$ cat input.csv   # CSV, C-alpha atoms
chain,number,residue,atom,x,y,z
A,1,MET,CA,-16.6,-4.9,7.4
A,2,PRO,CA,-16.3,-8.2,5.5
A,3,GLN,CA,-13.2,-10.2,6.2
A,4,SER,CA,-10.6,-10.6,3.5
A,5,SER,CA,-10.2,-14.1,2.1
A,6,PHE,CA,-6.9,-15.9,1.3
A,7,ASP,CA,-5.9,-19.0,-0.5
A,8,VAL,CA,-2.8,-21.2,-0.3
A,9,THR,CA,-1.6,-22.9,-3.5
A,10,THR,CA,1.0,-25.6,-3.2
A,11,LYS,CA,2.7,-28.0,-5.5
A,12,SER,CA,1.8,-31.7,-5.0
A,13,GLY,CA,4.2,-34.4,-4.1
A,14,HIS,CA,6.4,-32.2,-1.8
A,15,GLU,CA,7.1,-32.8,1.8
A,16,THR,CA,6.6,-30.0,4.3
A,17,GLY,CA,8.8,-29.1,7.3
A,18,THR,CA,7.3,-29.8,10.7
A,19,THR,CA,8.0,-26.2,11.7
A,20,LEU,CA,6.6,-23.2,9.8
A,21,VAL,CA,8.8,-20.1,10.0
A,22,VAL,CA,6.7,-16.9,9.3
A,23,GLY,CA,8.4,-13.7,8.2
A,24,GLN,CA,5.9,-10.9,7.5
A,25,THR,CA,6.4,-7.3,6.4
A,26,HIS,CA,6.5,-4.8,9.3
A,27,PRO,CA,8.2,-1.4,9.7
A,28,GLY,CA,11.9,-2.1,9.5
A,29,LEU,CA,11.4,-5.2,7.3
A,30,ALA,CA,13.4,-7.4,9.7
A,31,GLY,CA,11.2,-10.5,9.7
A,32,VAL,CA,10.6,-10.7,6.0
A,33,THR,CA,14.3,-9.9,5.2
A,34,SER,CA,15.5,-12.7,7.6
A,35,ALA,CA,13.1,-15.2,6.0
A,36,ASP,CA,14.0,-14.2,2.5
A,37,TYR,CA,17.7,-14.4,3.2
A,38,LEU,CA,17.3,-17.8,4.7
A,39,VAL,CA,15.7,-19.4,1.6
A,40,ARG,CA,18.2,-17.7,-0.7
A,41,HIS,CA,21.2,-18.9,1.2
A,42,LEU,CA,20.2,-22.5,2.0
A,43,ASP,CA,19.1,-25.2,-0.4
A,44,SER,CA,15.4,-24.6,-0.7
A,45,GLU,CA,12.5,-25.2,-3.0
A,46,ARG,CA,9.5,-22.9,-3.5
A,47,THR,CA,6.5,-25.1,-2.9
A,48,GLY,CA,3.6,-22.6,-3.0
A,49,HIS,CA,2.2,-19.2,-2.4
A,50,VAL,CA,-0.5,-17.3,-0.5
A,51,SER,CA,-2.9,-15.1,-2.5
A,52,THR,CA,-6.0,-12.9,-2.0
A,53,ASP,CA,-8.4,-11.0,-4.2
A,54,ASP,CA,-9.4,-8.6,-1.4
A,55,LEU,CA,-6.2,-6.6,-0.9
A,56,PRO,CA,-4.3,-4.6,-3.5
A,57,ALA,CA,-1.6,-6.9,-4.8
A,58,ILE,CA,2.1,-6.2,-5.2
A,59,ALA,CA,4.3,-7.9,-7.7
A,60,PRO,CA,7.9,-8.0,-6.4
A,61,PHE,CA,10.5,-8.6,-9.0
A,62,GLU,CA,14.3,-9.0,-9.4
A,63,ALA,CA,16.3,-8.6,-12.6
A,64,GLY,CA,13.0,-8.2,-14.4
A,65,VAL,CA,11.5,-11.4,-13.1
A,66,PRO,CA,8.3,-11.1,-11.1
A,67,ARG,CA,7.3,-13.4,-8.2
A,68,HIS,CA,4.4,-13.9,-5.8
A,69,HIS,CA,4.3,-11.6,-2.9
A,70,SER,CA,3.8,-14.3,-0.2
A,71,ARG,CA,5.8,-17.5,-0.9
A,72,LEU,CA,6.2,-20.8,0.8
A,73,TYR,CA,9.5,-22.7,0.7
A,74,THR,CA,10.8,-26.0,2.1
A,75,LEU,CA,14.4,-26.3,3.2
A,76,ASP,CA,16.4,-29.4,2.1
A,77,ASP,CA,18.6,-29.7,5.2
A,78,ALA,CA,16.3,-28.6,8.0
A,79,PRO,CA,12.7,-29.6,8.9
A,80,LEU,CA,11.5,-26.1,8.2
A,81,SER,CA,8.9,-24.6,5.9
A,82,VAL,CA,9.4,-20.8,5.4
A,83,LEU,CA,6.8,-18.2,4.6
A,84,VAL,CA,8.2,-15.1,3.0
A,85,GLY,CA,5.4,-12.5,3.2
A,86,GLU,CA,6.3,-9.4,1.2
A,87,LEU,CA,2.6,-8.1,1.2
A,88,PHE,CA,1.7,-6.1,4.3
A,89,VAL,CA,-1.3,-7.7,5.9
A,90,PRO,CA,-3.4,-5.0,7.6
A,91,PHE,CA,-4.9,-5.7,11.1
A,92,GLY,CA,-8.4,-6.1,9.7
A,93,ALA,CA,-7.3,-9.0,7.5
A,94,ALA,CA,-5.0,-10.7,10.1
A,95,ARG,CA,-7.7,-13.1,11.4
A,96,SER,CA,-8.6,-14.4,7.9
A,97,TYR,CA,-4.9,-14.7,7.0
A,98,ALA,CA,-4.1,-16.7,10.2
A,99,ASP,CA,-7.1,-18.9,9.5
A,100,THR,CA,-5.8,-19.8,6.1
A,101,LEU,CA,-2.2,-20.4,7.3
A,102,LEU,CA,-3.5,-22.7,10.1
A,103,ALA,CA,-5.8,-24.6,7.8
A,104,TRP,CA,-2.9,-25.3,5.5
A,105,ALA,CA,-0.5,-26.1,8.4
A,106,GLU,CA,-3.0,-28.7,9.7
A,107,THR,CA,-3.1,-30.5,6.3
A,108,GLN,CA,0.7,-30.5,6.2
A,109,GLY,CA,1.4,-31.9,9.7
A,110,VAL,CA,3.0,-28.7,11.0
A,111,ASP,CA,3.8,-29.1,14.7
A,112,GLU,CA,4.9,-25.6,15.6
A,113,ILE,CA,5.2,-22.1,14.3
A,114,ALA,CA,8.1,-19.7,14.7
A,115,VAL,CA,7.4,-16.1,13.9
A,116,LEU,CA,10.2,-13.6,13.1
A,117,HIS,CA,8.8,-10.3,14.4
A,118,GLY,CA,10.8,-7.1,14.1
A,119,VAL,CA,8.8,-4.1,15.4
A,120,PRO,CA,9.6,-0.6,16.6
A,121,PHE,CA,9.2,-0.3,20.3
A,122,ALA,CA,10.8,1.7,23.1
A,123,HIS,CA,14.1,0.1,24.2
A,124,GLY,CA,17.5,1.0,25.7
A,125,PRO,CA,20.9,0.8,24.1
A,126,ASP,CA,21.5,-2.6,25.7
A,127,GLU,CA,18.3,-4.0,24.4
A,128,HIS,CA,19.3,-4.5,20.8
A,129,ALA,CA,18.6,-8.2,21.3
A,130,VAL,CA,16.1,-10.9,20.5
A,131,PHE,CA,13.3,-11.5,23.0
A,132,HIS,CA,10.6,-14.1,23.0
A,133,VAL,CA,6.9,-14.5,23.6
A,134,ALA,CA,6.0,-18.2,23.4
A,135,THR,CA,3.4,-20.7,24.4
A,136,ASP,CA,4.2,-23.2,27.2
A,137,GLY,CA,4.7,-26.1,24.8
A,138,TYR,CA,7.0,-24.1,22.5
A,139,ARG,CA,9.1,-22.7,25.3
A,140,THR,CA,9.5,-26.2,26.8
A,141,GLU,CA,10.5,-27.7,23.5
A,142,ARG,CA,12.7,-25.0,22.0
A,143,LEU,CA,13.7,-22.5,24.8
A,144,PRO,CA,14.6,-24.7,27.8
A,145,ASP,CA,17.8,-22.8,28.7
A,146,ASP,CA,16.3,-19.3,28.4
A,147,ALA,CA,18.6,-18.5,25.5
A,148,PHE,CA,16.5,-15.5,24.8
A,149,ARG,CA,14.9,-13.3,27.4
A,150,PRO,CA,11.1,-13.1,27.6
A,151,LEU,CA,9.7,-9.8,26.6
A,152,ALA,CA,8.5,-8.1,29.8
A,153,ASN,CA,5.0,-6.9,28.9
A,154,GLY,CA,2.8,-5.5,26.1
A,155,PHE,CA,0.7,-7.2,23.5
A,156,LEU,CA,0.9,-8.8,20.1
A,157,ASP,CA,-1.4,-7.7,17.4
A,158,GLY,CA,-1.8,-8.5,13.7
A,159,VAL,CA,-0.8,-11.9,12.3
A,160,ALA,CA,1.5,-12.7,15.3
A,161,GLY,CA,-1.3,-11.9,17.8
A,162,GLU,CA,-3.8,-14.1,15.9
A,163,LEU,CA,-1.4,-17.1,15.8
A,164,VAL,CA,-0.6,-16.9,19.5
A,165,THR,CA,-4.2,-16.5,20.5
A,166,ARG,CA,-5.3,-19.5,18.4
A,167,SER,CA,-2.5,-21.6,20.1
A,168,LEU,CA,-3.7,-20.5,23.5
A,169,ASP,CA,-7.2,-21.6,22.6
A,170,GLY,CA,-5.9,-25.0,21.4
A,171,ALA,CA,-6.8,-24.2,17.8
A,172,ALA,CA,-3.2,-24.0,16.5
A,173,PRO,CA,0.2,-25.6,16.9
A,174,GLU,CA,2.6,-24.3,19.6
A,175,VAL,CA,3.9,-20.8,18.7
A,176,GLY,CA,7.1,-19.0,19.5
A,177,VAL,CA,7.5,-15.3,18.5
A,178,TYR,CA,11.0,-14.0,18.2
A,179,ILE,CA,10.9,-10.2,18.7
A,180,THR,CA,13.6,-7.6,18.2
A,181,PRO,CA,13.4,-3.8,18.0
A,182,THR,CA,13.6,-2.1,14.6
A,183,HIS,CA,14.5,1.4,13.5
A,184,PRO,CA,12.4,2.6,10.5
A,185,PRO,CA,12.1,4.1,8.0
A,186,GLY,CA,14.8,2.1,6.1
A,187,PRO,CA,15.3,-1.6,6.3
A,188,ASP,CA,16.9,-2.5,9.6
A,189,VAL,CA,19.4,-5.1,8.5
A,190,ASP,CA,21.0,-5.4,12.0
A,191,ALA,CA,17.6,-6.5,13.3
A,192,SER,CA,17.3,-9.0,10.5
A,193,LEU,CA,20.7,-10.4,11.4
A,194,ARG,CA,19.6,-10.8,15.1
A,195,LEU,CA,16.5,-12.7,14.1
A,196,LEU,CA,18.4,-14.9,11.6
A,197,THR,CA,21.0,-15.8,14.2
A,198,ALA,CA,18.3,-16.6,16.8
A,199,LEU,CA,16.7,-19.0,14.3
A,200,GLU,CA,20.1,-20.7,13.6
A,201,THR,CA,20.7,-21.1,17.4
A,202,VAL,CA,17.3,-22.7,18.1
A,203,TYR,CA,17.1,-25.0,15.1
A,204,GLY,CA,20.7,-25.9,14.7
A,205,PHE,CA,21.7,-24.9,11.2
A,206,ASP,CA,24.2,-22.5,9.8
A,207,VAL,CA,23.8,-19.7,7.2
A,208,ASP,CA,26.6,-17.7,5.7
A,209,GLU,CA,25.6,-14.2,7.0
A,210,SER,CA,28.5,-12.3,5.3
A,211,GLU,CA,26.2,-10.8,2.6
A,212,LEU,CA,23.8,-9.5,5.1
A,213,GLU,CA,26.6,-8.2,7.3
A,214,ALA,CA,28.1,-6.4,4.3
A,215,LEU,CA,24.7,-4.8,3.6
A,216,SER,CA,24.4,-3.8,7.2
A,217,GLU,CA,27.7,-2.0,7.1
A,218,GLN,CA,26.8,-0.2,3.8
A,219,LEU,CA,23.5,1.0,5.3
A,220,ARG,CA,25.2,2.1,8.5
A,221,GLU,CA,27.7,4.1,6.5
A,222,TYR,CA,25.0,5.6,4.4
A,223,TYR,CA,22.8,6.7,7.3
A,224,GLY,CA,25.9,8.0,9.1
A,225,LYS,CA,26.8,10.3,6.2
A,226,LEU,CA,23.1,11.3,5.9
A,227,ALA,CA,23.1,12.3,9.6
A,228,GLU,CA,26.3,14.3,9.1
A,229,ARG,CA,24.7,16.2,6.2
A,230,VAL,CA,21.5,16.9,8.2
A,231,ALA,CA,23.6,18.2,11.1
A,232,SER,CA,25.7,20.3,8.8
A,233,ALA,CA,22.6,21.9,7.2
A,234,ALA,CA,21.2,22.6,10.6
A,235,GLU,CA,24.4,24.4,11.7
A,236,GLY,CA,24.3,26.4,8.5
A,237,GLU,CA,20.7,27.6,9.2
A,238,GLU,CA,21.7,28.6,12.8
A,239,ALA,CA,24.6,30.6,11.3
A,240,LEU,CA,22.2,32.8,9.3
A,241,GLY,CA,20.8,34.1,12.6
A,242,ASP,CA,17.6,36.1,12.4
A,243,TYR,CA,17.8,37.0,8.8
A,244,ASP,CA,15.0,39.2,7.3
A,245,THR,CA,14.6,37.6,3.9
A,246,GLN,CA,12.1,40.3,2.8
A,247,ASN,CA,14.5,43.2,3.4
A,248,GLY,CA,17.8,41.3,2.9
A,249,MET,CA,19.3,42.2,6.3
A,250,TYR,CA,19.9,40.7,9.7
A,251,MET,CA,17.6,41.9,12.5
$ encode --input "input.csv" --output "structure tokens"
Amino acid sequence: MPQSSFDVTTKSGHETGTTLVVGQTHPGLAGVTSADYLVRHLDSERTGHVSTDDLPAIAPFEAGVPRHHSRLYTLDDAPLSVLVGELFVPFGAARSYADTLLAWAETQGVDEIAVLHGVPFAHGPDEHAVFHVATDGYRTERLPDDAFRPLANGFLDGVAGELVTRSLDGAAPEVGVYITPTHPPGPDVDASLRLLTALETVYGFDVDESELEALSEQLREYYGKLAERVASAAEGEEALGDYDTQNGMYM
């Protein structure tokens, strides 16, 4: 199978942060939601986008205004560039996607990469937290106090796996992946909040999280009512007993 090819288009004359924050689309949408919220609620400038001719494109829009699906921003008050990736990158295209990001990062002087990675995985009720998988250099620089527990075991695939592997091979900057469990199918806003708070803690900036917190409460209320309706419908079916729909009588 031929690899997909990607291109990064950036504006000239704009400085780039020394850290690249990557928020990609995964089930639960935690990473991309955190990255998008970050650039919306801090002073930022859109400085470029990632494109490809080999994958079906999507054109996100808001209030009738379309935008590129994978956008690069630079923050004014923190040395961060942020990639908001609304296009899902399939596993088969992850290597080429990572190649493109790393080639761009090298030209821009990026020293490290922080990946916001919300994924569904088995976890207990006390594990709604942020864990890390990080290369030695990133851990020494950014996680000296073990502020976030290391994830016990498993593997990273897709874009996150490619970036970490390249760093281990010395072909990429140091990489830290912040991982939290998500609960599809809907957007897991609580997971997004956890990732956003983790990034604030590590990089020392503050974001007003009130809008995201309000959305989280709205979704929690919505899904709570939905669960009640499903339970009520199930109880109604049980009350019918063994009903013979053909003869219109209980058996």
$ atom_distance --input "input.csv" --atom1 "atom CA of A:Asp77" --atom2 "atom CA of A:Ile179"
24.9 Å
$ atom_distance --input "input.csv" --atom1 "atom CA of A:Ala134" --atom2 "atom CA of A:Val189"
23.9 Å
$ atom_distance --input "input.csv" --atom1 "atom CA of A:Leu116" --atom2 "atom CA of A:Val159"
11.2 Å
$ closest_residue --input "input.csv" --among "A:Leu20, A:Val89, A:Ala114, A:Ala105" --to "A:Leu75" --atoms "only C-alpha atoms"
A:Leu20
$ residues_around --input "input.csv" --residues "A:Glu162" --least-positions-apart "6" --cutoff "10 Å" --atoms "only C-alpha atoms" --output "list in words"
Phe91, Ala94, Arg95, Ser96, Tyr97, Ala98, Asp99, Leu156, Leu168 and Ala172 of chain A
$ write_last_selection --input "input.csv" --atoms "C-alpha atoms" --output "short mmCIF file (atom, residue, chain, number, x, y, z; two decimals), in the coordinates of the input"
data_model
loop_
_atom_site.label_atom_id
_atom_site.label_comp_id
_atom_site.auth_asym_id
_atom_site.auth_seq_id
_atom_site.Cartn_x
_atom_site.Cartn_y
_atom_site.Cartn_z
CA PHE A 91 -4.90 -5.70 11.10
CA ALA A 94 -5.00 -10.70 10.10
CA ARG A 95 -7.70 -13.10 11.40
CA SER A 96 -8.60 -14.40 7.90
CA TYR A 97 -4.90 -14.70 7.00
CA ALA A 98 -4.10 -16.70 10.20
CA ASP A 99 -7.10 -18.90 9.50
CA LEU A 156 0.90 -8.80 20.10
CA LEU A 168 -3.70 -20.50 23.50
CA ALA A 172 -3.20 -24.00 16.50
#
$ residues_around --input "input.csv" --residues "A:Val84" --least-positions-apart "5" --cutoff "12 Å" --atoms "all atoms listed in the file" --output "PDB file with C-alpha atoms, in the frame of the given file"
ATOM      1  CA  LEU A  20       6.600 -23.200   9.800  1.00  0.00           C
ATOM      2  CA  VAL A  21       8.800 -20.100  10.000  1.00  0.00           C
ATOM      3  CA  VAL A  22       6.700 -16.900   9.300  1.00  0.00           C
ATOM      4  CA  GLY A  23       8.400 -13.700   8.200  1.00  0.00           C
ATOM      5  CA  GLN A  24       5.900 -10.900   7.500  1.00  0.00           C
ATOM      6  CA  THR A  25       6.400  -7.300   6.400  1.00  0.00           C
ATOM      7  CA  LEU A  29      11.400  -5.200   7.300  1.00  0.00           C
ATOM      8  CA  ALA A  30      13.400  -7.400   9.700  1.00  0.00           C
ATOM      9  CA  GLY A  31      11.200 -10.500   9.700  1.00  0.00           C
ATOM     10  CA  VAL A  32      10.600 -10.700   6.000  1.00  0.00           C
ATOM     11  CA  THR A  33      14.300  -9.900   5.200  1.00  0.00           C
ATOM     12  CA  SER A  34      15.500 -12.700   7.600  1.00  0.00           C
ATOM     13  CA  ALA A  35      13.100 -15.200   6.000  1.00  0.00           C
ATOM     14  CA  ASP A  36      14.000 -14.200   2.500  1.00  0.00           C
ATOM     15  CA  TYR A  37      17.700 -14.400   3.200  1.00  0.00           C
ATOM     16  CA  LEU A  38      17.300 -17.800   4.700  1.00  0.00           C
ATOM     17  CA  VAL A  39      15.700 -19.400   1.600  1.00  0.00           C
ATOM     18  CA  ARG A  40      18.200 -17.700  -0.700  1.00  0.00           C
ATOM     19  CA  ARG A  46       9.500 -22.900  -3.500  1.00  0.00           C
ATOM     20  CA  THR A  47       6.500 -25.100  -2.900  1.00  0.00           C
ATOM     21  CA  GLY A  48       3.600 -22.600  -3.000  1.00  0.00           C
ATOM     22  CA  HIS A  49       2.200 -19.200  -2.400  1.00  0.00           C
ATOM     23  CA  VAL A  50      -0.500 -17.300  -0.500  1.00  0.00           C
ATOM     24  CA  PRO A  60       7.900  -8.000  -6.400  1.00  0.00           C
ATOM     25  CA  ARG A  67       7.300 -13.400  -8.200  1.00  0.00           C
ATOM     26  CA  HIS A  68       4.400 -13.900  -5.800  1.00  0.00           C
ATOM     27  CA  HIS A  69       4.300 -11.600  -2.900  1.00  0.00           C
ATOM     28  CA  SER A  70       3.800 -14.300  -0.200  1.00  0.00           C
ATOM     29  CA  ARG A  71       5.800 -17.500  -0.900  1.00  0.00           C
ATOM     30  CA  LEU A  72       6.200 -20.800   0.800  1.00  0.00           C
ATOM     31  CA  TYR A  73       9.500 -22.700   0.700  1.00  0.00           C
ATOM     32  CA  THR A  74      10.800 -26.000   2.100  1.00  0.00           C
ATOM     33  CA  VAL A 115       7.400 -16.100  13.900  1.00  0.00           C
ATOM     34  CA  LEU A 116      10.200 -13.600  13.100  1.00  0.00           C
TER      35      LEU A 116
END
$ decode --input "input.csv" --residues "stretch 123-142 of chain A" --atoms "N, CA and C atoms" --output "PDB file, in the first residue's frame"
ATOM      1  N   HIS A 123     -10.046   0.806  32.865  1.00  0.00           N
ATOM      2  CA  HIS A 123      -9.565   1.567  34.013  1.00  0.00           C
ATOM      3  C   HIS A 123     -10.579   1.470  35.143  1.00  0.00           C
ATOM      4  N   GLY A 124     -10.109   1.668  36.353  1.00  0.00           N
ATOM      5  CA  GLY A 124     -10.973   1.657  37.518  1.00  0.00           C
ATOM      6  C   GLY A 124     -11.533   3.036  37.799  1.00  0.00           C
ATOM      7  N   PRO A 125     -12.483   3.126  38.746  1.00  0.00           N
ATOM      8  CA  PRO A 125     -13.109   4.426  39.050  1.00  0.00           C
ATOM      9  C   PRO A 125     -12.141   5.455  39.610  1.00  0.00           C
ATOM     10  N   ASP A 126     -11.009   4.995  40.189  1.00  0.00           N
ATOM     11  CA  ASP A 126     -10.026   5.934  40.727  1.00  0.00           C
ATOM     12  C   ASP A 126      -8.937   6.274  39.716  1.00  0.00           C
ATOM     13  N   GLU A 127      -9.121   5.859  38.480  1.00  0.00           N
ATOM     14  CA  GLU A 127      -8.108   6.101  37.455  1.00  0.00           C
ATOM     15  C   GLU A 127      -8.564   7.109  36.397  1.00  0.00           C
ATOM     16  N   HIS A 128      -9.530   7.952  36.770  1.00  0.00           N
ATOM     17  CA  HIS A 128      -9.880   9.069  35.891  1.00  0.00           C
ATOM     18  C   HIS A 128      -8.853  10.168  36.149  1.00  0.00           C
ATOM     19  N   ALA A 129      -7.699   9.965  35.587  1.00  0.00           N
ATOM     20  CA  ALA A 129      -6.554  10.831  35.842  1.00  0.00           C
ATOM     21  C   ALA A 129      -5.730  10.927  34.574  1.00  0.00           C
ATOM     22  N   VAL A 130      -4.677  11.724  34.636  1.00  0.00           N
ATOM     23  CA  VAL A 130      -3.744  11.847  33.517  1.00  0.00           C
ATOM     24  C   VAL A 130      -2.484  11.052  33.851  1.00  0.00           C
ATOM     25  N   PHE A 131      -2.089  10.209  32.927  1.00  0.00           N
ATOM     26  CA  PHE A 131      -0.870   9.423  33.054  1.00  0.00           C
ATOM     27  C   PHE A 131       0.126   9.905  31.995  1.00  0.00           C
ATOM     28  N   HIS A 132       1.356   9.432  32.091  1.00  0.00           N
ATOM     29  CA  HIS A 132       2.319   9.834  31.068  1.00  0.00           C
ATOM     30  C   HIS A 132       3.096   8.641  30.539  1.00  0.00           C
ATOM     31  N   VAL A 133       3.496   8.775  29.282  1.00  0.00           N
ATOM     32  CA  VAL A 133       4.514   7.939  28.663  1.00  0.00           C
ATOM     33  C   VAL A 133       5.479   8.933  28.027  1.00  0.00           C
ATOM     34  N   ALA A 134       6.736   8.960  28.493  1.00  0.00           N
ATOM     35  CA  ALA A 134       7.646  10.023  28.062  1.00  0.00           C
ATOM     36  C   ALA A 134       9.062   9.485  27.890  1.00  0.00           C
ATOM     37  N   THR A 135       9.772  10.064  26.955  1.00  0.00           N
ATOM     38  CA  THR A 135      11.180   9.730  26.782  1.00  0.00           C
ATOM     39  C   THR A 135      11.980  10.288  27.966  1.00  0.00           C
ATOM     40  N   ASP A 136      13.188   9.775  28.156  1.00  0.00           N
ATOM     41  CA  ASP A 136      13.978  10.154  29.328  1.00  0.00           C
ATOM     42  C   ASP A 136      14.218  11.658  29.397  1.00  0.00           C
ATOM     43  N   GLY A 137      14.564  12.246  28.270  1.00  0.00           N
ATOM     44  CA  GLY A 137      14.853  13.674  28.265  1.00  0.00           C
ATOM     45  C   GLY A 137      13.637  14.509  28.618  1.00  0.00           C
ATOM     46  N   TYR A 138      12.477  14.131  28.096  1.00  0.00           N
ATOM     47  CA  TYR A 138      11.251  14.881  28.402  1.00  0.00           C
ATOM     48  C   TYR A 138      10.899  14.720  29.874  1.00  0.00           C
ATOM     49  N   ARG A 139      11.010  13.502  30.373  1.00  0.00           N
ATOM     50  CA  ARG A 139      10.668  13.260  31.775  1.00  0.00           C
ATOM     51  C   ARG A 139      11.569  14.057  32.708  1.00  0.00           C
ATOM     52  N   THR A 140      12.859  14.106  32.398  1.00  0.00           N
ATOM     53  CA  THR A 140      13.801  14.853  33.233  1.00  0.00           C
ATOM     54  C   THR A 140      13.500  16.343  33.215  1.00  0.00           C
ATOM     55  N   GLU A 141      13.146  16.850  32.042  1.00  0.00           N
ATOM     56  CA  GLU A 141      12.922  18.290  31.878  1.00  0.00           C
ATOM     57  C   GLU A 141      11.568  18.734  32.417  1.00  0.00           C
ATOM     58  N   ARG A 142      10.528  17.932  32.186  1.00  0.00           N
ATOM     59  CA  ARG A 142       9.165  18.393  32.456  1.00  0.00           C
ATOM     60  C   ARG A 142       8.449  17.662  33.590  1.00  0.00           C
TER      61      ARG A 142
END
